[in-house]
file coords_39.txt (compact mmCIF, C-alpha atoms)
# COMPACT_ATOMS: atom_id res chain seq x y z
CA MET N 1 -27.74 -46.93 -22.74
CA PRO N 2 -27.33 -44.09 -25.32
CA GLU N 3 -23.87 -43.16 -26.46
CA ALA N 4 -22.24 -40.37 -24.43
CA THR N 5 -20.95 -38.71 -27.58
CA GLY N 6 -22.70 -38.10 -30.84
CA SER N 7 -21.86 -39.78 -34.06
CA PRO N 8 -19.36 -38.16 -36.44
CA SER N 9 -22.23 -37.15 -38.71
CA THR N 10 -23.92 -35.15 -35.94
CA GLN N 11 -20.75 -33.44 -34.62
CA GLN N 12 -20.12 -29.92 -35.93
CA ALA N 13 -16.98 -29.62 -38.03
CA PRO N 14 -14.44 -27.05 -36.77
CA LEU N 15 -14.60 -23.71 -38.53
CA SER N 16 -11.75 -23.09 -40.92
CA ILE N 17 -9.73 -19.92 -40.36
CA SER N 18 -9.07 -17.86 -43.45
CA TRP N 19 -5.50 -17.27 -44.61
CA ARG N 20 -5.95 -13.52 -44.14
CA ARG N 21 -6.77 -13.92 -40.45
CA ARG N 22 -3.84 -16.30 -39.99
CA ALA N 23 -1.47 -13.86 -41.70
CA THR N 24 -2.75 -10.97 -39.59
CA ASP N 25 -2.30 -13.00 -36.42
CA HIS N 26 1.31 -13.93 -37.29
CA LEU N 27 2.09 -10.36 -38.36
CA MET N 28 0.85 -8.77 -35.14
CA THR N 29 2.61 -11.43 -33.06
CA GLY N 30 5.85 -10.59 -34.85
CA VAL N 31 5.29 -6.86 -34.30
CA ALA N 32 4.72 -7.46 -30.58
CA ILE N 33 7.93 -9.50 -30.31
CA LEU N 34 9.83 -6.83 -32.25
CA THR N 35 8.67 -4.07 -29.90
CA VAL N 36 9.81 -6.10 -26.89
CA VAL N 37 13.23 -6.57 -28.49
CA LEU N 38 13.47 -2.85 -29.30
CA VAL N 39 12.67 -1.97 -25.70
CA LEU N 40 15.04 -4.49 -24.12
CA ALA N 41 17.95 -4.06 -26.53
CA PRO N 42 19.07 -0.60 -25.28
CA LEU N 43 18.71 -1.74 -21.67
CA VAL N 44 20.78 -4.86 -22.24
CA ALA N 45 23.37 -2.90 -24.23
CA ILE N 46 23.76 -0.21 -21.56
CA PHE N 47 23.95 -2.69 -18.70
CA GLY N 48 26.37 -4.93 -20.60
CA TYR N 49 28.66 -2.03 -21.45
CA LEU N 50 28.50 -0.84 -17.84
CA VAL N 51 29.52 -4.27 -16.62
CA TYR N 52 32.31 -4.43 -19.20
CA ARG N 53 33.76 -1.05 -18.16
CA GLY N 54 33.02 -1.23 -14.44
CA VAL N 55 33.84 -4.75 -13.25
CA GLY N 56 37.51 -4.56 -14.16
CA SER N 57 37.94 -1.34 -12.18
CA ILE N 58 36.57 -2.66 -8.88
CA ASN N 59 39.12 -3.76 -6.30
CA TRP N 60 39.52 -3.82 -2.54
CA ALA N 61 40.98 -0.30 -2.43
CA PHE N 62 38.00 1.06 -4.36
CA LEU N 63 35.61 -0.36 -1.75
CA THR N 64 37.59 0.60 1.36
CA GLN N 65 39.49 3.83 0.64
CA THR N 66 38.52 7.46 0.21
CA PRO N 67 39.37 9.46 -2.94
CA LYS N 68 42.99 10.41 -3.51
CA PRO N 69 44.04 14.05 -4.07
CA VAL N 70 43.77 15.49 -7.57
CA GLY N 71 46.33 13.98 -9.92
CA GLU N 72 47.12 10.91 -7.80
CA SER N 73 46.03 7.47 -8.95
CA GLY N 74 44.31 4.94 -6.75
CA GLY N 75 41.89 5.55 -3.93
CA GLY N 76 38.24 4.59 -3.90
CA MET N 77 34.67 5.57 -3.12
CA ALA N 78 34.08 3.95 0.25
CA ASN N 79 32.90 7.22 1.78
CA ALA N 80 30.55 7.82 -1.17
CA ILE N 81 29.02 4.34 -0.84
CA VAL N 82 28.37 4.84 2.87
CA GLY N 83 27.18 8.40 2.24
CA SER N 84 24.65 7.23 -0.33
CA MET N 85 23.31 4.67 2.14
CA LEU N 86 23.01 7.40 4.79
CA ILE N 87 21.18 9.84 2.51
CA LEU N 88 18.88 7.17 1.09
CA GLY N 89 18.16 5.96 4.62
CA ILE N 90 17.12 9.47 5.67
CA ALA N 91 15.00 9.82 2.53
CA SER N 92 13.25 6.50 3.19
CA ILE N 93 12.58 7.29 6.84
CA ILE N 94 10.91 10.56 5.83
CA GLY N 95 9.34 9.68 2.49
CA VAL N 96 7.91 6.21 3.06
CA PRO N 97 5.58 7.03 6.02
CA PHE N 98 4.32 10.19 4.34
CA GLY N 99 3.78 8.47 1.00
CA VAL N 100 2.03 5.41 2.44
CA GLY N 101 -0.08 7.55 4.76
CA ALA N 102 -1.19 9.81 1.91
CA GLY N 103 -2.00 6.79 -0.24
CA ILE N 104 -4.12 5.24 2.53
CA PHE N 105 -6.02 8.51 2.95
CA LEU N 106 -6.71 8.82 -0.78
CA ALA N 107 -7.89 5.22 -1.10
CA GLU N 108 -10.07 5.06 2.01
CA PHE N 109 -11.13 8.65 2.75
CA GLY N 110 -10.18 10.71 -0.30
CA ARG N 111 -13.40 10.71 -2.34
CA ASN N 112 -13.80 14.47 -1.96
CA ARG N 113 -12.32 17.75 -3.16
CA PHE N 114 -9.45 17.56 -0.71
CA GLY N 115 -8.49 14.14 -2.03
CA THR N 116 -8.70 15.41 -5.61
CA ALA N 117 -6.34 18.26 -4.72
CA ILE N 118 -3.85 15.80 -3.19
CA ARG N 119 -3.95 13.59 -6.29
CA PHE N 120 -3.38 16.58 -8.55
CA THR N 121 -0.46 17.76 -6.40
CA ALA N 122 1.12 14.29 -6.40
CA ASP N 123 0.81 14.03 -10.18
CA VAL N 124 2.39 17.46 -10.62
CA LEU N 125 5.27 16.60 -8.26
CA ASN N 126 5.93 13.43 -10.25
CA GLY N 127 6.68 15.59 -13.28
CA VAL N 128 8.74 18.31 -11.57
CA PRO N 129 12.43 18.20 -12.61
CA SER N 130 14.71 16.99 -9.87
CA ILE N 131 16.90 20.08 -10.10
CA VAL N 132 13.91 22.24 -9.16
CA ILE N 133 13.33 20.14 -6.06
CA GLY N 134 17.02 20.55 -5.24
CA ILE N 135 16.77 24.33 -5.49
CA VAL N 136 13.70 24.37 -3.23
CA ALA N 137 15.48 22.19 -0.67
CA TRP N 138 18.50 24.49 -0.84
CA ALA N 139 16.36 27.57 -0.21
CA ILE N 140 14.59 25.97 2.76
CA LEU N 141 17.26 23.83 4.42
CA VAL N 142 20.69 24.88 3.17
CA ARG N 143 20.72 28.67 2.87
CA GLY N 144 21.90 30.06 6.17
CA ARG N 145 22.44 26.57 7.64
CA GLY N 146 24.95 24.82 5.42
CA PHE N 147 25.03 21.71 3.24
CA SER N 148 24.17 18.44 4.94
CA ALA N 149 23.09 14.84 4.47
CA LEU N 150 19.75 15.73 6.06
CA ALA N 151 19.03 18.31 3.36
CA GLY N 152 19.89 15.75 0.69
CA GLY N 153 17.64 13.16 2.31
CA VAL N 154 14.74 15.62 2.49
CA ALA N 155 15.14 16.52 -1.20
CA LEU N 156 15.05 12.85 -2.20
CA ALA N 157 12.13 12.19 0.16
CA ILE N 158 10.11 14.89 -1.61
CA MET N 159 10.68 13.00 -4.84
CA MET N 160 9.70 9.67 -3.29
CA VAL N 161 6.40 10.76 -1.73
CA PRO N 162 4.24 11.24 -4.87
CA THR N 163 5.27 7.91 -6.40
CA ILE N 164 4.63 6.00 -3.19
CA CYS N 165 1.38 7.87 -2.59
CA ARG N 166 -0.18 7.10 -5.95
CA THR N 167 1.06 3.51 -6.02
CA THR N 168 -0.29 2.83 -2.52
CA GLU N 169 -3.67 4.28 -3.46
CA GLU N 170 -3.95 2.09 -6.56
CA MET N 171 -2.93 -1.04 -4.68
CA LEU N 172 -5.46 -0.43 -1.89
CA LEU N 173 -8.23 0.17 -4.42
CA LEU N 174 -7.56 -3.31 -5.84
CA VAL N 175 -8.47 -4.93 -2.50
CA PRO N 176 -12.03 -6.33 -2.77
CA GLN N 177 -14.66 -4.28 -0.97
CA ALA N 178 -16.07 -7.52 0.44
CA LEU N 179 -13.08 -7.82 2.79
CA ARG N 180 -13.81 -4.41 4.28
CA GLU N 181 -17.51 -5.17 4.63
CA ALA N 182 -16.76 -8.48 6.33
CA ALA N 183 -14.55 -6.70 8.87
CA TYR N 184 -17.19 -4.04 9.48
CA GLY N 185 -19.76 -6.81 10.03
CA LEU N 186 -17.54 -8.25 12.76
CA GLY N 187 -17.48 -4.89 14.52
CA ILE N 188 -13.87 -4.00 13.64
CA PRO N 189 -13.30 -0.21 13.51
CA ARG N 190 -12.57 1.34 10.15
CA TRP N 191 -9.04 2.41 11.06
CA ARG N 192 -8.21 -1.08 12.26
CA THR N 193 -9.70 -2.61 9.13
CA THR N 194 -7.58 -0.32 6.97
CA LEU N 195 -4.32 -1.11 8.73
CA SER N 196 -4.77 -4.79 9.61
CA ILE N 197 -6.74 -6.07 6.62
CA THR N 198 -6.70 -3.71 3.63
CA LEU N 199 -3.08 -2.58 3.90
CA ARG N 200 -1.85 -6.06 4.80
CA THR N 201 -3.59 -7.54 1.77
CA ALA N 202 -1.94 -4.97 -0.51
CA THR N 203 1.49 -5.18 1.13
CA SER N 204 3.23 -6.69 -1.89
CA GLY N 205 2.07 -3.93 -4.24
CA VAL N 206 2.81 -1.19 -1.72
CA ILE N 207 6.36 -2.45 -1.17
CA THR N 208 6.87 -2.64 -4.93
CA GLY N 209 5.87 1.02 -5.20
CA ILE N 210 8.28 1.94 -2.41
CA MET N 211 11.15 0.18 -4.16
CA LEU N 212 10.32 1.88 -7.46
CA ALA N 213 10.53 5.25 -5.74
CA PHE N 214 13.75 4.19 -4.01
CA ALA N 215 15.32 3.10 -7.29
CA ARG N 216 14.28 6.37 -8.93
CA VAL N 217 15.96 8.64 -6.38
CA ALA N 218 19.03 6.48 -5.75
CA GLY N 219 20.78 7.76 -8.86
CA GLU N 220 19.72 11.42 -8.64
CA THR N 221 22.58 13.90 -8.79
CA ALA N 222 21.02 17.36 -9.26
CA PRO N 223 19.23 17.55 -5.88
CA LEU N 224 22.38 16.46 -4.04
CA LEU N 225 24.48 19.13 -5.73
CA PHE N 226 22.32 21.75 -3.99
CA THR N 227 21.96 19.94 -0.65
CA ALA N 228 24.60 17.33 0.28
CA LEU N 229 27.32 18.99 -1.86
CA GLY N 230 29.78 16.09 -1.48
CA ASN N 231 32.84 15.35 0.62
CA THR N 232 36.21 13.75 -0.11
CA PHE N 233 36.54 12.52 3.48
CA TRP N 234 34.54 10.33 5.83
CA SER N 235 31.42 12.04 7.15
CA LEU N 236 28.72 10.14 9.03
CA ARG N 237 27.02 13.17 10.57
CA TYR N 238 23.63 14.14 9.21
CA ASP N 239 24.36 17.87 9.60
CA GLN N 240 27.58 17.94 7.54
CA PRO N 241 28.32 17.80 3.77
CA THR N 242 28.32 14.16 2.75
CA ALA N 243 29.69 12.22 -0.21
CA ALA N 244 27.35 10.20 -2.41
CA LEU N 245 27.94 7.88 -5.33
CA PRO N 246 26.05 10.00 -7.92
CA LEU N 247 28.03 13.09 -6.88
CA GLN N 248 31.37 11.28 -7.00
CA ILE N 249 30.55 9.74 -10.37
CA TYR N 250 29.60 13.17 -11.73
CA THR N 251 32.84 14.71 -10.47
CA TYR N 252 35.06 11.93 -11.79
CA ALA N 253 33.31 11.74 -15.17
CA ASN N 254 33.96 15.46 -15.78
CA SER N 255 37.63 15.26 -14.80
CA PRO N 256 40.54 15.07 -17.27
CA TYR N 257 42.14 12.06 -15.54
CA ASP N 258 41.86 8.56 -16.99
CA ASP N 259 42.07 6.94 -13.56
CA TRP N 260 39.09 8.97 -12.37
CA HIS N 261 37.17 7.98 -15.50
CA ARG N 262 37.87 4.35 -14.65
CA GLN N 263 36.61 4.85 -11.12
CA ALA N 264 33.51 6.63 -12.43
CA TRP N 265 32.62 3.49 -14.40
CA ALA N 266 33.24 1.36 -11.32
CA GLY N 267 31.08 3.66 -9.19
CA SER N 268 28.28 3.47 -11.76
CA PHE N 269 28.40 -0.31 -11.68
CA VAL N 270 28.36 -0.37 -7.86
CA LEU N 271 25.41 2.04 -7.79
CA ILE N 272 23.37 -0.11 -10.19
CA LEU N 273 24.34 -3.22 -8.25
CA LEU N 274 23.20 -1.68 -4.97
CA ILE N 275 19.85 -0.68 -6.45
CA VAL N 276 19.22 -4.06 -8.07
CA SER N 277 20.26 -6.01 -4.97
CA SER N 278 18.08 -3.86 -2.69
CA VAL N 279 15.00 -4.27 -4.88
CA ALA N 280 15.62 -8.00 -5.32
CA ALA N 281 16.11 -8.54 -1.57
CA VAL N 282 12.90 -6.72 -0.66
CA ARG N 283 10.88 -8.55 -3.30
CA TYR N 284 12.27 -11.88 -2.06
CA VAL N 285 11.27 -11.10 1.52
CA VAL N 286 7.79 -10.02 0.42
CA ARG N 287 7.29 -13.18 -1.63
CA ARG N 288 8.24 -15.26 1.37
CA GLY N 289 5.35 -13.58 3.18
CA THR N 290 7.35 -11.97 5.97
CA PHE N 291 5.66 -8.60 5.59
CA GLY N 292 2.22 -9.76 4.54
CA ALA N 293 0.42 -11.39 1.70
CA ALA N 294 2.37 -11.72 -1.52
call {"tool": "encode", "arguments": {"input": "coords_39.txt", "output": "structure tokens"}}
result
Amino acid sequence: MPEATGSPSTQQAPLSISWRRRATDHLMTGVAILTVVLVLAPLVAIFGYLVYRGVGSINWAFLTQTPKPVGESGGGMANAIVGSMLILGIASIIGVPFGVGAGIFLAEFGRNRFGTAIRFTADVLNGVPSIVIGIVAWAILVRGRGFSALAGGVALAIMMVPTICRTTEEMLLLVPQALREAAYGLGIPRWRTTLSITLRTATSGVITGIMLAFARVAGETAPLLFTALGNTFWSLRYDQPTAALPLQIYTYANSPYDDWHRQAWAGSFVLILLIVSSVAAVRYVVRRGTFGAA
């Protein structure tokens, strides 16, 4: 039988790569690594310094007590932690359904002028300063009614909607058209196909977009200054001024008291920790497949 491989004389010798191409390859690889380091270095430095200044200031009183009167040491931000959870919960309840719904419409039914107008509006809202959104929320919900956690949640929800909307649209557009056509061939209605097949397939990406929007608004201070205002006492009512971690950090950072500065660092660390843990928990659940395909 003939040999399966040719003789060495008939095999083509590998092409040699010139030194110039090798040098260019190594140079661009080094540039790429350098850019990654330049991007990550400030992030690592900021987070490391935050941990250094914040961890030592966290104690049981900080997590369970309300702020002390001006000039007194001690106290904590327990009411601000709970208040932030309340406001962010209101914002998520309002913003997530609207954002996901708008994204579904744009991906499945938005190939028209109305859809183009929605995309343009969402892109513009993504670039609007947060303080402007706070002023608008104040004019609509606060003036004549009073500051409240609901007004703060609505202001943050307005900021969440465009990010969730555009992310949801992009994730749904990545779902192969063949899946939709297969469902249509089985006689499944279009609305059922969108919810049960298309959206479920893109669940991981949609949830990622939701958490990005959540992380963006969690640290916003300007909108809450015009809506939630802040509170030094416990307040779990949605129609009353409510404390929040960004507001408390802002107040303490601008104070002349060293103890308040220490608590501002601790509050900043707790805020970052809450955001990171929330995003990590949701991504873990999604990867386990609880909410759909990962």
call {"tool": "axis_aligned_box", "arguments": {"input": "coords_39.txt", "around": "stretch 21-30 of chain N", "padding_each_side": "6 Å", "output": "AutoDock Vina command-line options"}}
result
--center_x -0.5 --center_y -12.5 --center_z -37.4 --size_x 24.6 --size_y 19.5 --size_z 20.6
call {"tool": "atom_distance", "arguments": {"input": "coords_39.txt", "atom1": "atom CA of N:Trp234", "atom2": "atom CA of N:Gly146"}}
result
17.4 Å
call {"tool": "residues_around", "arguments": {"input": "coords_39.txt", "residues": "N:Glu108", "least_positions_apart": "3", "cutoff": "12 Å", "atoms": "only C-alpha atoms", "output": "list in words"}}
result
Gly101, Ala102, Gly103, Ile104, Phe105, Arg111, Asn112, Gly115, Thr168, Glu169, Glu170, Met171, Leu172, Leu173, Leu174, Val175, Gln177, Arg180, Arg190, Trp191, Thr193, Thr194, Leu195, Thr198 and Leu199 of chain N
call {"tool": "closest_residue", "arguments": {"input": "coords_39.txt", "among": "N:Leu247, N:Ala222, N:Val276, N:Ile94", "to": "N:Val161", "atoms": "only C-alpha atoms"}}
result
N:Ile94
call {"tool": "residues_around", "arguments": {"input": "coords_39.txt", "residues": "N:His261", "least_positions_apart": "6", "cutoff": "8 Å", "atoms": "only C-alpha atoms", "output": "NGL selection string"}}
result
:N and (252-253 or 255)
call {"tool": "atom_distance", "arguments": {"input": "coords_39.txt", "atom1": "atom CA of N:Ala213", "atom2": "atom CA of N:Gly99"}}
result
10.1 Å
call {"tool": "closest_residue", "arguments": {"input": "coords_39.txt", "among": "N:Ala137, N:Met160, N:Ala45, N:Leu50", "to": "N:Leu273", "atoms": "all atoms listed in the file"}}
result
N:Leu50
call {"tool": "residues_around", "arguments": {"input": "coords_39.txt", "residues": "stretch 78-81 of chain N", "least_positions_apart": "6", "cutoff": "9 Å", "atoms": "only C-alpha atoms", "output": "list in words"}}
result
Ala61, Phe62, Leu63, Thr64, Gln65, Thr66, Pro67, Gly230, Asn231, Thr232, Phe233, Trp234, Ser235, Leu236, Thr242, Ala243, Ala244, Leu245, Pro246, Leu247, Gln248, Gly267, Val270 and Leu271 of chain N
call {"tool": "residues_near_point", "arguments": {"input": "coords_39.txt", "point": "(29.3, 0.5, -14.1)", "cutoff": "8 Å", "atoms": "only C-alpha atoms", "output": "PyMOL selection string"}}
result
chain N and resi 47+49-55+264-272
call {"tool": "build_atoms", "arguments": {"input": "coords_39.txt", "residues": "stretch 139-174 of chain N", "atoms": "N, CA and C atoms", "output": "mmCIF file, in the coordinates of the input"}}
result
data_model
loop_
_atom_site.group_PDB
_atom_site.id
_atom_site.type_symbol
_atom_site.label_atom_id
_atom_site.label_comp_id
_atom_site.auth_asym_id
_atom_site.auth_seq_id
_atom_site.Cartn_x
_atom_site.Cartn_y
_atom_site.Cartn_z
ATOM 1 N N ALA N 139 16.908 26.319 -0.744
ATOM 2 C CA ALA N 139 16.360 27.570 -0.210
ATOM 3 C C ALA N 139 15.790 27.379 1.198
ATOM 4 N N ILE N 140 15.241 26.194 1.461
ATOM 5 C CA ILE N 140 14.590 25.970 2.760
ATOM 6 C C ILE N 140 15.562 25.465 3.813
ATOM 7 N N LEU N 141 16.442 24.541 3.425
ATOM 8 C CA LEU N 141 17.260 23.830 4.420
ATOM 9 C C LEU N 141 18.740 24.193 4.406
ATOM 10 N N VAL N 142 19.251 24.671 3.286
ATOM 11 C CA VAL N 142 20.690 24.880 3.170
ATOM 12 C C VAL N 142 21.071 26.334 3.388
ATOM 13 N N ARG N 143 20.360 27.246 2.782
ATOM 14 C CA ARG N 143 20.720 28.670 2.870
ATOM 15 C C ARG N 143 20.680 29.139 4.324
ATOM 16 N N GLY N 144 21.798 29.603 4.791
ATOM 17 C CA GLY N 144 21.900 30.060 6.170
ATOM 18 C C GLY N 144 22.207 28.961 7.170
ATOM 19 N N ARG N 145 22.190 27.696 6.724
ATOM 20 C CA ARG N 145 22.440 26.570 7.640
ATOM 21 C C ARG N 145 23.619 25.716 7.196
ATOM 22 N N GLY N 146 23.843 25.618 5.915
ATOM 23 C CA GLY N 146 24.950 24.820 5.420
ATOM 24 C C GLY N 146 24.480 23.530 4.769
ATOM 25 N N PHE N 147 25.335 22.971 3.915
ATOM 26 C CA PHE N 147 25.030 21.710 3.240
ATOM 27 C C PHE N 147 25.062 20.559 4.246
ATOM 28 N N SER N 148 24.232 19.548 3.988
ATOM 29 C CA SER N 148 24.170 18.440 4.940
ATOM 30 C C SER N 148 23.513 17.225 4.299
ATOM 31 N N ALA N 149 23.745 16.071 4.906
ATOM 32 C CA ALA N 149 23.090 14.840 4.470
ATOM 33 C C ALA N 149 21.590 14.908 4.706
ATOM 34 N N LEU N 150 21.179 15.591 5.773
ATOM 35 C CA LEU N 150 19.750 15.730 6.060
ATOM 36 C C LEU N 150 19.042 16.474 4.936
ATOM 37 N N ALA N 151 19.652 17.560 4.459
ATOM 38 C CA ALA N 151 19.030 18.310 3.360
ATOM 39 C C ALA N 151 18.922 17.444 2.106
ATOM 40 N N GLY N 152 19.958 16.652 1.830
ATOM 41 C CA GLY N 152 19.890 15.750 0.690
ATOM 42 C C GLY N 152 18.809 14.704 0.849
ATOM 43 N N GLY N 153 18.673 14.150 2.059
ATOM 44 C CA GLY N 153 17.640 13.160 2.310
ATOM 45 C C GLY N 153 16.243 13.739 2.158
ATOM 46 N N VAL N 154 16.048 14.972 2.617
ATOM 47 C CA VAL N 154 14.740 15.620 2.490
ATOM 48 C C VAL N 154 14.399 15.846 1.022
ATOM 49 N N ALA N 155 15.380 16.296 0.230
ATOM 50 C CA ALA N 155 15.140 16.520 -1.200
ATOM 51 C C ALA N 155 14.732 15.219 -1.896
ATOM 52 N N LEU N 156 15.411 14.132 -1.586
ATOM 53 C CA LEU N 156 15.050 12.850 -2.200
ATOM 54 C C LEU N 156 13.721 12.338 -1.677
ATOM 55 N N ALA N 157 13.418 12.609 -0.403
ATOM 56 C CA ALA N 157 12.130 12.190 0.160
ATOM 57 C C ALA N 157 10.973 12.878 -0.546
ATOM 58 N N ILE N 158 11.152 14.164 -0.880
ATOM 59 C CA ILE N 158 10.110 14.890 -1.610
ATOM 60 C C ILE N 158 9.830 14.216 -2.945
ATOM 61 N N MET N 159 10.859 13.685 -3.573
ATOM 62 C CA MET N 159 10.680 13.000 -4.840
ATOM 63 C C MET N 159 10.036 11.622 -4.668
ATOM 64 N N MET N 160 10.251 10.992 -3.529
ATOM 65 C CA MET N 160 9.700 9.670 -3.290
ATOM 66 C C MET N 160 8.209 9.711 -2.964
ATOM 67 N N VAL N 161 7.764 10.732 -2.255
ATOM 68 C CA VAL N 161 6.400 10.760 -1.730
ATOM 69 C C VAL N 161 5.332 10.607 -2.803
ATOM 70 N N PRO N 162 5.338 11.390 -3.904
ATOM 71 C CA PRO N 162 4.240 11.240 -4.870
ATOM 72 C C PRO N 162 4.151 9.867 -5.502
ATOM 73 N N THR N 163 5.297 9.260 -5.805
ATOM 74 C CA THR N 163 5.270 7.910 -6.400
ATOM 75 C C THR N 163 4.700 6.898 -5.429
ATOM 76 N N ILE N 164 5.144 6.934 -4.181
ATOM 77 C CA ILE N 164 4.630 6.000 -3.190
ATOM 78 C C ILE N 164 3.158 6.246 -2.921
ATOM 79 N N CYS N 165 2.769 7.511 -2.868
ATOM 80 C CA CYS N 165 1.380 7.870 -2.590
ATOM 81 C C CYS N 165 0.437 7.295 -3.636
ATOM 82 N N ARG N 166 0.722 7.540 -4.893
ATOM 83 C CA ARG N 166 -0.180 7.100 -5.950
ATOM 84 C C ARG N 166 -0.175 5.584 -6.110
ATOM 85 N N THR N 167 1.000 4.964 -5.931
ATOM 86 C CA THR N 167 1.060 3.510 -6.020
ATOM 87 C C THR N 167 0.284 2.859 -4.885
ATOM 88 N N THR N 168 0.442 3.384 -3.667
ATOM 89 C CA THR N 168 -0.290 2.830 -2.520
ATOM 90 C C THR N 168 -1.791 2.959 -2.722
ATOM 91 N N GLU N 169 -2.232 4.097 -3.219
ATOM 92 C CA GLU N 169 -3.670 4.280 -3.460
ATOM 93 C C GLU N 169 -4.193 3.234 -4.446
ATOM 94 N N GLU N 170 -3.491 3.040 -5.548
ATOM 95 C CA GLU N 170 -3.950 2.090 -6.560
ATOM 96 C C GLU N 170 -3.961 0.663 -6.025
ATOM 97 N N MET N 171 -2.973 0.303 -5.235
ATOM 98 C CA MET N 171 -2.930 -1.040 -4.680
ATOM 99 C C MET N 171 -4.065 -1.279 -3.680
ATOM 100 N N LEU N 172 -4.369 -0.289 -2.867
ATOM 101 C CA LEU N 172 -5.460 -0.430 -1.890
ATOM 102 C C LEU N 172 -6.813 -0.503 -2.581
ATOM 103 N N LEU N 173 -6.960 0.213 -3.693
ATOM 104 C CA LEU N 173 -8.230 0.170 -4.420
ATOM 105 C C LEU N 173 -8.470 -1.186 -5.070
ATOM 106 N N LEU N 174 -7.407 -1.966 -5.260
ATOM 107 C CA LEU N 174 -7.560 -3.310 -5.840
ATOM 108 C C LEU N 174 -8.048 -4.330 -4.817
#
